[in-house]
>>> print(open('query_12.tsv').read())   # TSV, C-alpha atoms
chain	number	residue	atom	x	y	z
A	1	MET	CA	13.76	8.45	7.90
A	2	ASN	CA	14.24	10.86	5.03
A	3	PRO	CA	16.36	13.83	6.24
A	4	GLU	CA	13.91	16.46	4.97
A	5	TRP	CA	10.99	14.65	6.63
A	6	THR	CA	12.99	14.32	9.87
A	7	THR	CA	13.86	18.02	9.85
A	8	PHE	CA	10.25	18.97	9.17
A	9	LEU	CA	8.93	16.85	12.05
A	10	ALA	CA	11.49	18.33	14.41
A	11	ALA	CA	10.24	21.79	13.42
A	12	GLN	CA	6.71	20.69	14.35
A	13	GLY	CA	7.89	19.83	17.87
A	14	PHE	CA	8.44	16.09	17.36
A	15	THR	CA	11.17	15.31	19.90
A	16	ALA	CA	13.18	12.27	20.90
A	17	ASP	CA	15.44	10.96	23.63
A	18	ASP	CA	17.31	9.08	20.94
A	19	ALA	CA	18.09	10.97	17.73
A	20	SER	CA	17.14	7.91	15.68
A	21	GLN	CA	13.58	7.65	17.01
A	22	PHE	CA	11.02	10.39	17.55
A	23	GLU	CA	8.96	9.66	20.62
A	24	HIS	CA	6.39	12.41	21.17
A	25	PHE	CA	5.02	15.85	20.28
A	26	GLY	CA	3.75	16.70	23.75
A	27	PRO	CA	3.01	15.19	27.18
A	28	LEU	CA	2.76	11.41	26.95
A	29	ASP	CA	-0.45	11.14	28.98
A	30	ALA	CA	-2.22	13.65	26.74
A	31	GLU	CA	-1.19	11.73	23.64
A	32	LEU	CA	-2.40	8.43	25.10
A	33	GLN	CA	-5.76	9.96	26.02
A	34	ALA	CA	-6.04	11.37	22.50
A	35	ALA	CA	-5.30	7.94	21.02
A	36	ARG	CA	-8.04	6.37	23.14
A	37	ASN	CA	-10.68	9.01	22.52
A	38	GLY	CA	-10.10	10.64	19.15
A	39	THR	CA	-8.33	10.82	15.81
A	40	VAL	CA	-4.54	10.72	15.98
A	41	ILE	CA	-1.77	10.98	13.41
A	42	ALA	CA	1.55	9.27	14.20
A	43	PRO	CA	4.77	9.43	12.15
A	44	MET	CA	5.98	5.83	12.30
A	45	ALA	CA	9.63	6.63	12.88
A	46	ASP	CA	10.62	3.17	14.09
A	47	LEU	CA	9.57	1.38	10.89
A	48	GLY	CA	11.52	0.95	7.68
A	49	LEU	CA	10.97	-0.37	4.17
A	50	ILE	CA	12.66	-2.94	1.96
A	51	ARG	CA	11.97	-2.59	-1.77
A	52	ALA	CA	11.93	-5.71	-3.95
A	53	SER	CA	12.10	-5.01	-7.68
A	54	GLY	CA	12.77	-7.02	-10.82
A	55	ASP	CA	11.09	-9.64	-12.97
A	56	ASP	CA	11.34	-12.34	-10.27
A	57	ALA	CA	10.37	-10.17	-7.28
A	58	VAL	CA	6.96	-11.77	-6.72
A	59	SER	CA	8.13	-15.39	-7.07
A	60	PHE	CA	11.18	-14.67	-4.90
A	61	LEU	CA	9.07	-13.28	-2.05
A	62	HIS	CA	6.32	-15.88	-2.49
A	63	ASN	CA	8.84	-18.70	-1.98
A	64	LEU	CA	10.15	-17.19	1.28
A	65	MET	CA	7.08	-15.82	3.07
A	66	THR	CA	4.34	-17.48	5.12
A	67	ASN	CA	1.60	-15.85	3.05
A	68	ASP	CA	0.47	-15.70	-0.56
A	69	ILE	CA	2.54	-12.91	-2.12
A	70	GLN	CA	1.36	-13.82	-5.62
A	71	GLY	CA	-2.14	-12.87	-4.49
A	72	ILE	CA	-1.17	-9.28	-3.73
A	73	ALA	CA	-2.69	-6.94	-6.31
A	74	GLU	CA	-2.35	-3.17	-6.54
A	75	THR	CA	-5.49	-2.90	-4.42
A	76	ASN	CA	-4.49	-4.99	-1.39
A	77	ALA	CA	-1.71	-5.49	1.13
A	78	SER	CA	-0.83	-8.60	3.12
A	79	THR	CA	0.80	-9.52	6.41
A	80	ALA	CA	3.51	-12.16	6.03
A	81	GLY	CA	6.18	-13.76	8.17
A	82	PHE	CA	9.70	-14.88	7.35
A	83	CYS	CA	10.83	-17.92	9.35
A	84	THR	CA	13.89	-20.00	10.07
A	85	PRO	CA	13.87	-23.60	8.81
A	86	LYS	CA	12.59	-24.51	12.30
A	87	GLY	CA	9.51	-22.35	11.77
A	88	ARG	CA	10.58	-19.55	14.14
A	89	LEU	CA	9.79	-16.01	13.05
A	90	LEU	CA	12.64	-13.72	12.05
A	91	ALA	CA	10.28	-10.92	10.98
A	92	ILE	CA	6.69	-9.96	10.29
A	93	PHE	CA	6.14	-7.72	7.28
A	94	LEU	CA	3.30	-5.70	5.86
A	95	VAL	CA	3.69	-6.15	2.10
A	96	TRP	CA	2.12	-4.15	-0.70
A	97	ARG	CA	2.78	-3.26	-4.31
A	98	GLU	CA	4.03	0.05	-5.62
A	99	ASN	CA	3.66	-0.25	-9.40
A	100	ASN	CA	5.75	-3.33	-10.25
A	101	ASP	CA	7.78	-3.26	-7.03
A	102	TYR	CA	6.94	-4.69	-3.62
A	103	LEU	CA	7.43	-2.77	-0.38
A	104	LEU	CA	8.01	-4.69	2.87
A	105	MET	CA	7.44	-2.72	6.08
A	106	LEU	CA	9.18	-3.93	9.26
A	107	PRO	CA	10.80	-2.54	12.44
A	108	LYS	CA	13.81	-0.47	11.47
A	109	GLU	CA	16.01	-2.13	14.11
A	110	ILE	CA	15.90	-5.50	12.33
A	111	LEU	CA	15.96	-4.16	8.76
A	112	PRO	CA	19.73	-4.33	8.06
A	113	PRO	CA	20.18	-7.98	9.13
A	114	LEU	CA	16.92	-8.98	7.41
A	115	LEU	CA	17.97	-7.28	4.19
A	116	LYS	CA	21.26	-9.17	4.34
A	117	LYS	CA	19.51	-12.45	5.15
A	118	LEU	CA	16.99	-12.10	2.31
A	119	SER	CA	19.77	-11.14	-0.12
A	120	MET	CA	21.44	-14.49	0.54
A	121	TYR	CA	18.46	-16.19	-1.15
A	122	VAL	CA	18.66	-14.13	-4.35
A	123	LEU	CA	21.26	-16.27	-6.15
A	124	ARG	CA	20.31	-16.10	-9.87
A	125	ALA	CA	16.85	-14.65	-9.37
A	126	LYS	CA	16.13	-11.42	-11.21
A	127	VAL	CA	15.34	-9.44	-8.09
A	128	LYS	CA	16.95	-6.43	-6.43
A	129	LEU	CA	16.50	-5.74	-2.72
A	130	THR	CA	17.20	-2.26	-1.37
A	131	ASP	CA	16.62	-0.23	1.80
A	132	ALA	CA	13.82	2.14	0.80
A	133	THR	CA	13.27	3.69	4.24
A	134	ASP	CA	14.29	7.18	3.12
A	135	GLU	CA	12.07	7.03	0.04
A	136	ARG	CA	8.77	7.15	1.92
A	137	ALA	CA	7.23	8.87	4.93
A	138	LEU	CA	5.13	6.37	6.89
A	139	ILE	CA	2.24	7.88	8.85
A	140	GLY	CA	-0.25	5.98	11.00
A	141	ILE	CA	-3.81	7.24	11.46
A	142	SER	CA	-6.28	5.99	14.05
A	143	VAL	CA	-9.97	6.92	14.01
A	144	PRO	CA	-12.12	5.28	16.72
A	145	ALA	CA	-15.48	4.03	15.51
A	146	ALA	CA	-17.29	6.57	17.71
A	147	VAL	CA	-15.49	9.53	16.10
A	148	SER	CA	-17.34	11.27	13.29
A	149	PRO	CA	-16.63	12.50	10.77
A	150	ALA	CA	-13.44	10.70	9.77
A	151	PRO	CA	-10.74	12.72	7.98
A	152	THR	CA	-11.78	13.40	4.39
A	153	PHE	CA	-8.61	11.88	2.91
A	154	LEU	CA	-9.51	8.42	4.26
A	155	ASP	CA	-11.37	6.12	1.87
A	156	GLY	CA	-14.13	4.60	3.97
A	157	THR	CA	-14.93	2.06	1.25
A	158	LEU	CA	-11.55	0.33	1.56
A	159	PRO	CA	-11.70	-3.14	3.12
A	160	ARG	CA	-9.19	-4.28	5.70
A	161	GLN	CA	-5.71	-4.31	4.09
A	162	GLY	CA	-7.13	-2.55	1.05
A	163	VAL	CA	-4.83	-0.16	-0.83
A	164	SER	CA	-5.74	2.95	-2.82
A	165	GLU	CA	-3.82	5.74	-4.48
A	166	THR	CA	-3.69	9.06	-2.68
A	167	ASP	CA	-2.01	12.40	-3.30
A	168	GLY	CA	1.72	11.67	-3.18
A	169	GLY	CA	1.54	7.97	-2.45
A	170	GLN	CA	-0.69	5.20	-1.13
A	171	LEU	CA	-3.31	4.71	1.58
A	172	ILE	CA	-3.63	1.31	3.29
A	173	ARG	CA	-6.40	0.32	5.66
A	174	LEU	CA	-4.90	-1.75	8.47
A	175	ASP	CA	-8.13	-2.65	10.28
A	176	ASP	CA	-11.45	-1.09	11.32
A	177	THR	CA	-9.86	1.92	13.02
A	178	ARG	CA	-6.23	2.17	11.85
A	179	TRP	CA	-4.73	3.32	8.55
A	180	LEU	CA	-1.30	3.80	7.00
A	181	LEU	CA	-0.13	6.52	4.62
A	182	SER	CA	2.99	5.77	2.58
A	183	LEU	CA	3.95	9.06	0.99
A	184	ASP	CA	6.76	10.72	-0.88
A	185	PRO	CA	8.43	12.79	1.88
A	186	ILE	CA	7.90	16.06	0.00
A	187	ALA	CA	4.20	15.22	-0.38
A	188	ALA	CA	4.02	14.33	3.32
A	189	ILE	CA	5.43	17.73	4.24
A	190	ARG	CA	3.04	19.50	1.89
A	191	ARG	CA	0.01	17.55	3.13
A	192	TRP	CA	0.82	17.70	6.86
A	193	PRO	CA	-1.43	20.73	7.60
A	194	ASP	CA	-4.39	19.00	5.91
A	195	ILE	CA	-3.98	15.51	7.41
A	196	THR	CA	-3.60	16.93	10.93
A	197	VAL	CA	-6.82	18.97	10.78
A	198	ASN	CA	-9.13	17.77	13.60
A	199	ALA	CA	-6.47	15.25	14.65
A	200	THR	CA	-3.82	15.08	17.35
A	201	ALA	CA	-0.24	14.40	16.32
A	202	THR	CA	1.27	11.73	18.58
A	203	GLY	CA	4.48	9.80	18.91
A	204	LEU	CA	5.42	6.16	18.93
A	205	ALA	CA	4.18	5.28	22.41
A	206	ALA	CA	0.57	6.10	21.53
A	207	TRP	CA	0.79	4.21	18.24
A	208	HIS	CA	2.31	1.17	19.95
A	209	TRP	CA	-0.57	1.14	22.42
A	210	LEU	CA	-3.04	1.25	19.51
A	211	GLU	CA	-1.22	-1.69	17.90
A	212	ILE	CA	-1.45	-3.69	21.13
A	213	ALA	CA	-5.15	-2.81	21.55
A	214	ALA	CA	-5.69	-4.11	18.00
A	215	GLY	CA	-3.93	-7.39	18.88
A	216	GLN	CA	-1.36	-7.01	16.11
A	217	PRO	CA	2.09	-8.54	16.75
A	218	ARG	CA	5.52	-7.38	15.73
A	219	VAL	CA	8.89	-9.14	15.92
A	220	THR	CA	11.91	-7.20	17.21
A	221	ILE	CA	15.55	-8.06	17.85
A	222	ALA	CA	14.63	-9.38	21.29
A	223	THR	CA	11.98	-11.76	19.95
A	224	GLN	CA	13.52	-13.08	16.75
A	225	GLU	CA	13.45	-16.91	16.63
A	226	VAL	CA	11.19	-17.05	19.71
A	227	PHE	CA	7.75	-17.65	18.19
A	228	VAL	CA	6.21	-19.82	15.50
A	229	PRO	CA	3.46	-17.89	13.64
A	230	GLN	CA	0.55	-19.51	15.50
A	231	MET	CA	1.98	-18.34	18.83
A	232	LEU	CA	1.29	-14.80	17.57
A	233	ASN	CA	-2.21	-15.59	16.20
A	234	MET	CA	-0.94	-15.10	12.66
A	235	GLU	CA	-3.16	-17.74	11.08
A	236	LEU	CA	-6.32	-16.14	12.48
A	237	PRO	CA	-8.36	-13.91	10.14
A	238	ALA	CA	-7.74	-10.80	12.27
A	239	VAL	CA	-4.00	-11.04	11.62
A	240	ALA	CA	-4.12	-13.06	8.37
A	241	GLY	CA	-0.41	-13.70	8.07
A	242	VAL	CA	-0.29	-17.38	7.05
A	243	SER	CA	-1.55	-19.28	4.02
A	244	PHE	CA	-1.82	-23.07	4.25
A	245	THR	CA	-2.31	-23.49	0.50
A	246	LYS	CA	0.54	-21.45	-1.02
A	247	GLY	CA	3.25	-24.10	-1.00
A	248	CYS	CA	6.69	-24.33	0.55
A	249	TYR	CA	8.74	-21.70	2.35
A	250	PRO	CA	11.39	-21.90	5.09
A	251	GLY	CA	9.81	-23.48	8.16
A	252	GLN	CA	6.61	-24.41	6.31
A	253	GLU	CA	6.65	-28.03	7.47
A	254	ILE	CA	6.69	-26.99	11.14
A	255	VAL	CA	3.99	-24.34	10.69
A	256	ALA	CA	1.74	-26.71	8.73
A	257	ARG	CA	2.22	-29.58	11.18
A	258	THR	CA	1.28	-27.29	14.09
A	259	HIS	CA	-1.87	-26.30	12.20
A	260	TYR	CA	-3.07	-29.68	11.00
A	261	LEU	CA	-2.30	-31.55	14.20
A	262	GLY	CA	-4.02	-28.88	16.28
A	263	LYS	CA	-1.06	-28.43	18.62
A	264	VAL	CA	-1.28	-24.68	19.20
A	265	LYS	CA	-0.59	-24.65	22.93
A	266	ARG	CA	0.46	-21.01	23.13
A	267	ARG	CA	-1.60	-18.03	22.03
A	268	MET	CA	-1.02	-14.30	22.06
A	269	VAL	CA	-3.20	-12.46	24.56
A	270	ARG	CA	-3.45	-8.90	25.83
A	271	ALA	CA	-2.69	-7.95	29.42
A	272	ARG	CA	-2.07	-5.08	31.81
A	273	LEU	CA	0.97	-4.73	34.07
A	274	THR	CA	2.49	-2.14	36.36
A	275	ASN	CA	6.18	-2.30	35.53
A	276	LEU	CA	7.96	-1.72	32.25
A	277	VAL	CA	9.90	-4.77	31.03
A	278	ALA	CA	11.46	-5.64	27.71
A	279	PRO	CA	9.90	-7.72	24.93
A	280	GLY	CA	11.13	-11.28	25.17
A	281	THR	CA	10.82	-11.35	28.98
A	282	HIS	CA	9.59	-14.79	30.04
A	283	VAL	CA	6.36	-15.42	31.90
A	284	TYR	CA	5.59	-18.19	34.39
A	285	ALA	CA	2.60	-20.05	35.82
A	286	PRO	CA	2.13	-22.39	38.82
A	287	GLU	CA	1.39	-25.32	36.52
A	288	ALA	CA	4.82	-24.96	34.90
A	289	GLY	CA	6.78	-24.52	38.15
A	290	ASP	CA	10.07	-22.76	37.51
A	291	GLN	CA	9.87	-23.36	33.75
A	292	GLN	CA	8.78	-20.43	31.57
A	293	CYS	CA	5.46	-20.81	29.75
A	294	GLY	CA	5.65	-17.91	27.32
A	295	ALA	CA	7.19	-14.54	26.54
A	296	LEU	CA	6.29	-10.88	26.19
A	297	VAL	CA	5.73	-9.84	22.57
A	298	SER	CA	5.34	-6.05	22.87
A	299	ILE	CA	4.60	-3.43	25.51
A	300	ALA	CA	3.47	0.22	25.62
A	301	PRO	CA	2.20	2.77	28.16
A	302	SER	CA	-1.55	2.61	28.70
A	303	PRO	CA	-4.08	5.48	28.83
A	304	GLU	CA	-5.37	3.82	32.01
A	305	GLY	CA	-1.96	4.06	33.67
A	306	GLY	CA	0.78	1.47	33.84
A	307	PHE	CA	1.40	-0.57	30.72
A	308	GLU	CA	-0.37	-2.88	28.32
A	309	CYS	CA	1.27	-5.74	26.51
A	310	LEU	CA	0.81	-8.62	24.14
A	311	VAL	CA	2.14	-11.86	25.57
A	312	SER	CA	2.38	-15.30	24.00
A	313	VAL	CA	1.58	-17.83	26.71
A	314	GLN	CA	0.21	-21.33	27.26
A	315	SER	CA	-3.56	-21.24	26.89
A	316	SER	CA	-4.04	-23.41	29.97
A	317	ALA	CA	-2.15	-20.87	32.08
A	318	VAL	CA	-4.39	-18.07	30.81
A	319	ALA	CA	-7.47	-20.14	31.63
A	320	ALA	CA	-6.15	-20.67	35.16
A	321	GLY	CA	-5.72	-16.91	35.48
A	322	ASP	CA	-2.33	-16.84	37.17
A	323	VAL	CA	0.56	-15.78	34.92
A	324	ARG	CA	3.61	-14.07	36.39
A	325	LEU	CA	6.12	-11.78	34.73
A	326	GLY	CA	9.85	-12.45	34.81
A	327	ALA	CA	9.82	-15.09	37.58
A	328	PRO	CA	7.40	-17.56	39.21
A	329	ASP	CA	6.78	-14.97	41.95
A	330	GLY	CA	6.83	-11.93	39.64
A	331	GLU	CA	4.07	-9.45	38.93
A	332	ARG	CA	0.76	-11.06	38.09
A	333	LEU	CA	-0.67	-10.12	34.70
A	334	THR	CA	-4.23	-8.81	34.44
A	335	PHE	CA	-5.74	-10.09	31.20
A	336	LEU	CA	-7.65	-7.77	28.87
A	337	PRO	CA	-9.88	-8.61	25.90
A	338	LEU	CA	-8.64	-8.73	22.34
A	339	PRO	CA	-10.80	-7.30	19.54
A	340	TYR	CA	-11.03	-10.79	18.00
A	341	THR	CA	-11.59	-14.33	19.22
A	342	LEU	CA	-8.86	-16.96	19.49
A	343	ASN	CA	-11.02	-19.82	18.20
>>> encode(input="query_12.tsv", output="structure tokens")
Amino acid sequence: MNPEWTTFLAAQGFTADDASQFEHFGPLDAELQAARNGTVIAPMADLGLIRASGDDAVSFLHNLMTNDIQGIAETNASTAGFCTPKGRLLAIFLVWRENNDYLLMLPKEILPPLLKKLSMYVLRAKVKLTDATDERALIGISVPAAVSPAPTFLDGTLPRQGVSETDGGQLIRLDDTRWLLSLDPIAAIRRWPDITVNATATGLAAWHWLEIAAGQPRVTIATQEVFVPQMLNMELPAVAGVSFTKGCYPGQEIVARTHYLGKVKRRMVRARLTNLVAPGTHVYAPEAGDQQCGALVSIAPSPEGGFECLVSVQSSAVAAGDVRLGAPDGERLTFLPLPYTLN
């Protein structure tokens, strides 16, 4: 994050076990309850930005991503994946325009290798890729439907993944209840007192739980090259991360074949568990014996106690209702509803 923004947040009481990631402002349980019941504001300290600029930026990105980058206007953002030639996800981005440039938001831990990987495709294209993490302060806002009124700086007319200009930067609507502010760090510092009025400032754990409750996947170091997009529900309207009409990209043949042959055997579902385990941990089911039938996508503490997770797993195992974590005799997952259907 930008040094001035980092220093400012520390002065507000934003603390961390690791100096590179701010975790919380106050007691974790209080922040989780606030995220469930009211409006929260979360500095998204674990996310970074890649900036793509130049005459060929749009065509360069369009030819590499799973979604239609050419269709991104100044008024909309898009989720898009970047895959290996075998169709396995290396990253999931949120992409939007900033004037003539494109900003790609992704977990900060995979940004350096992804920036290097993408740069290998530049060749003679007129495009420049840079780490823009320090150029913007990223702030997540969650407003449950039952909370009224919403903060005045939110544009209630924006559709999902709509983008509008705001004081010092841009406002992006992620879904029905979650928003993203991408601000100049100085503007973020200046606006902090206003955007936190009638809202609780929270850390990453609360925001990660909100992301899981929304059924939105992310790819981290532990899960790179583990999932094809459909295993993370990316072609469904609620995630909207794949276009089947945009043309070729790395792994496109695999992704398209999975779609048109109807062979999506694994889906991402939401579940509750007692113990904290790492993303990428395998899950098992009686029907698969000692062979894994899926993997954990993401995990966060739950306001109800314990943890909630997103897990990509064989649909038949979910239907049978017996999926175990880490080993065939491991903890049994308790499945929770997603805010969208898997049909």
>>> atom_distance(input="query_12.tsv", atom1="atom CA of Ala80 of chain A", atom2="atom CA of Met268 of chain A")
16.8 Å
>>> closest_residue(input="query_12.tsv", among="A:Leu32, A:Leu9, A:Ala327, A:Leu123", to="Trp209 of chain A", atoms="only C-alpha atoms")
A:Leu32
>>> residues_around(input="query_12.tsv", residues="segment 294-303 of chain A", least_positions_apart="5", cutoff="8 Å", atoms="only C-alpha atoms", output="PyMOL selection string")
chain A and resi 29+32-33+36+205-206+208-209+212+217-219+223+266+276-284+308-314
>>> closest_residue(input="query_12.tsv", among="A:Thr200, A:Thr177, A:Ser182, A:Thr341", to="Val163 of chain A", atoms="only C-alpha atoms")
A:Ser182
>>> atom_distance(input="query_12.tsv", atom1="atom CA of Asp68 of chain A", atom2="atom CA of Ala137 of chain A")
26.1 Å
>>> closest_residue(input="query_12.tsv", among="A:Lys263, A:Arg191, A:His24, A:Arg51", to="Asn100 of chain A", atoms="only C-alpha atoms")
A:Arg51
>>> closest_residue(input="query_12.tsv", among="A:Gly87, A:Gly38, A:Glu235, A:Ala214", to="Ala145 of chain A", atoms="only C-alpha atoms")
A:Gly38
>>> closest_atom_pairs(input="query_12.tsv", of="segment 124-237 of chain A", to="segment 259-262 of chain A", cutoff="12 Å", atoms="only C-alpha atoms", output="JSON lines")
{"residue": "A:Val228", "atom": "CA", "partner": "A:His259", "partner_atom": "CA", "distance": 10.9}
{"residue": "A:Pro229", "atom": "CA", "partner": "A:His259", "partner_atom": "CA", "distance": 10.1}
{"residue": "A:Gln230", "atom": "CA", "partner": "A:His259", "partner_atom": "CA", "distance": 7.9}
{"residue": "A:Met231", "atom": "CA", "partner": "A:His259", "partner_atom": "CA", "distance": 11.1}
{"residue": "A:Asn233", "atom": "CA", "partner": "A:His259", "partner_atom": "CA", "distance": 11.4}
{"residue": "A:Met234", "atom": "CA", "partner": "A:His259", "partner_atom": "CA", "distance": 11.2}
{"residue": "A:Glu235", "atom": "CA", "partner": "A:His259", "partner_atom": "CA", "distance": 8.7}
{"residue": "A:Leu236", "atom": "CA", "partner": "A:His259", "partner_atom": "CA", "distance": 11.1}
>>> atom_distance(input="query_12.tsv", atom1="atom CA of Ala132 of chain A", atom2="atom CA of Ser119 of chain A")
14.6 Å
>>> decode(input="query_12.tsv", residues="segment 94-112 of chain A", atoms="N, CA and C atoms", output="compact mmCIF listing (two decimals), in the first residue's frame")
# COMPACT_ATOMS: atom_id res chain seq x y z
N LEU A 94 -10.40 -8.28 -11.08
CA LEU A 94 -11.45 -7.31 -11.37
C LEU A 94 -10.79 -6.25 -12.23
N VAL A 95 -11.36 -5.98 -13.40
CA VAL A 95 -10.75 -5.09 -14.38
C VAL A 95 -11.67 -3.91 -14.64
N TRP A 96 -11.10 -2.70 -14.62
CA TRP A 96 -11.87 -1.52 -15.00
C TRP A 96 -10.94 -0.49 -15.64
N ARG A 97 -11.56 0.48 -16.28
CA ARG A 97 -10.79 1.53 -16.97
C ARG A 97 -10.59 2.73 -16.07
N GLU A 98 -9.42 3.33 -16.20
CA GLU A 98 -9.13 4.62 -15.59
C GLU A 98 -8.60 5.50 -16.71
N ASN A 99 -9.48 6.32 -17.28
CA ASN A 99 -9.18 7.06 -18.51
C ASN A 99 -8.84 6.05 -19.61
N ASN A 100 -7.64 6.12 -20.19
CA ASN A 100 -7.30 5.19 -21.26
C ASN A 100 -6.55 3.95 -20.76
N ASP A 101 -6.27 3.89 -19.47
CA ASP A 101 -5.58 2.75 -18.89
C ASP A 101 -6.58 1.74 -18.36
N TYR A 102 -6.06 0.54 -18.07
CA TYR A 102 -6.86 -0.51 -17.45
C TYR A 102 -6.20 -0.90 -16.13
N LEU A 103 -7.00 -1.01 -15.09
CA LEU A 103 -6.51 -1.45 -13.78
C LEU A 103 -6.99 -2.87 -13.52
N LEU A 104 -6.10 -3.74 -13.08
CA LEU A 104 -6.40 -5.13 -12.79
C LEU A 104 -6.16 -5.37 -11.30
N MET A 105 -7.21 -5.65 -10.55
CA MET A 105 -7.09 -5.88 -9.12
C MET A 105 -6.97 -7.38 -8.84
N LEU A 106 -6.03 -7.75 -7.98
CA LEU A 106 -5.78 -9.16 -7.67
C LEU A 106 -5.10 -9.24 -6.31
N PRO A 107 -5.06 -10.44 -5.68
CA PRO A 107 -4.35 -10.57 -4.41
C PRO A 107 -2.89 -10.15 -4.55
N LYS A 108 -2.43 -9.37 -3.58
CA LYS A 108 -1.08 -8.82 -3.65
C LYS A 108 -0.01 -9.92 -3.65
N GLU A 109 -0.30 -11.06 -3.01
CA GLU A 109 0.70 -12.11 -2.90
C GLU A 109 1.05 -12.74 -4.24
N ILE A 110 0.14 -12.68 -5.21
CA ILE A 110 0.46 -13.26 -6.53
C ILE A 110 0.76 -12.19 -7.57
N LEU A 111 0.76 -10.92 -7.17
CA LEU A 111 0.98 -9.85 -8.15
C LEU A 111 2.35 -9.91 -8.81
N PRO A 112 3.45 -9.99 -8.07
CA PRO A 112 4.76 -9.97 -8.75
C PRO A 112 4.93 -11.07 -9.80
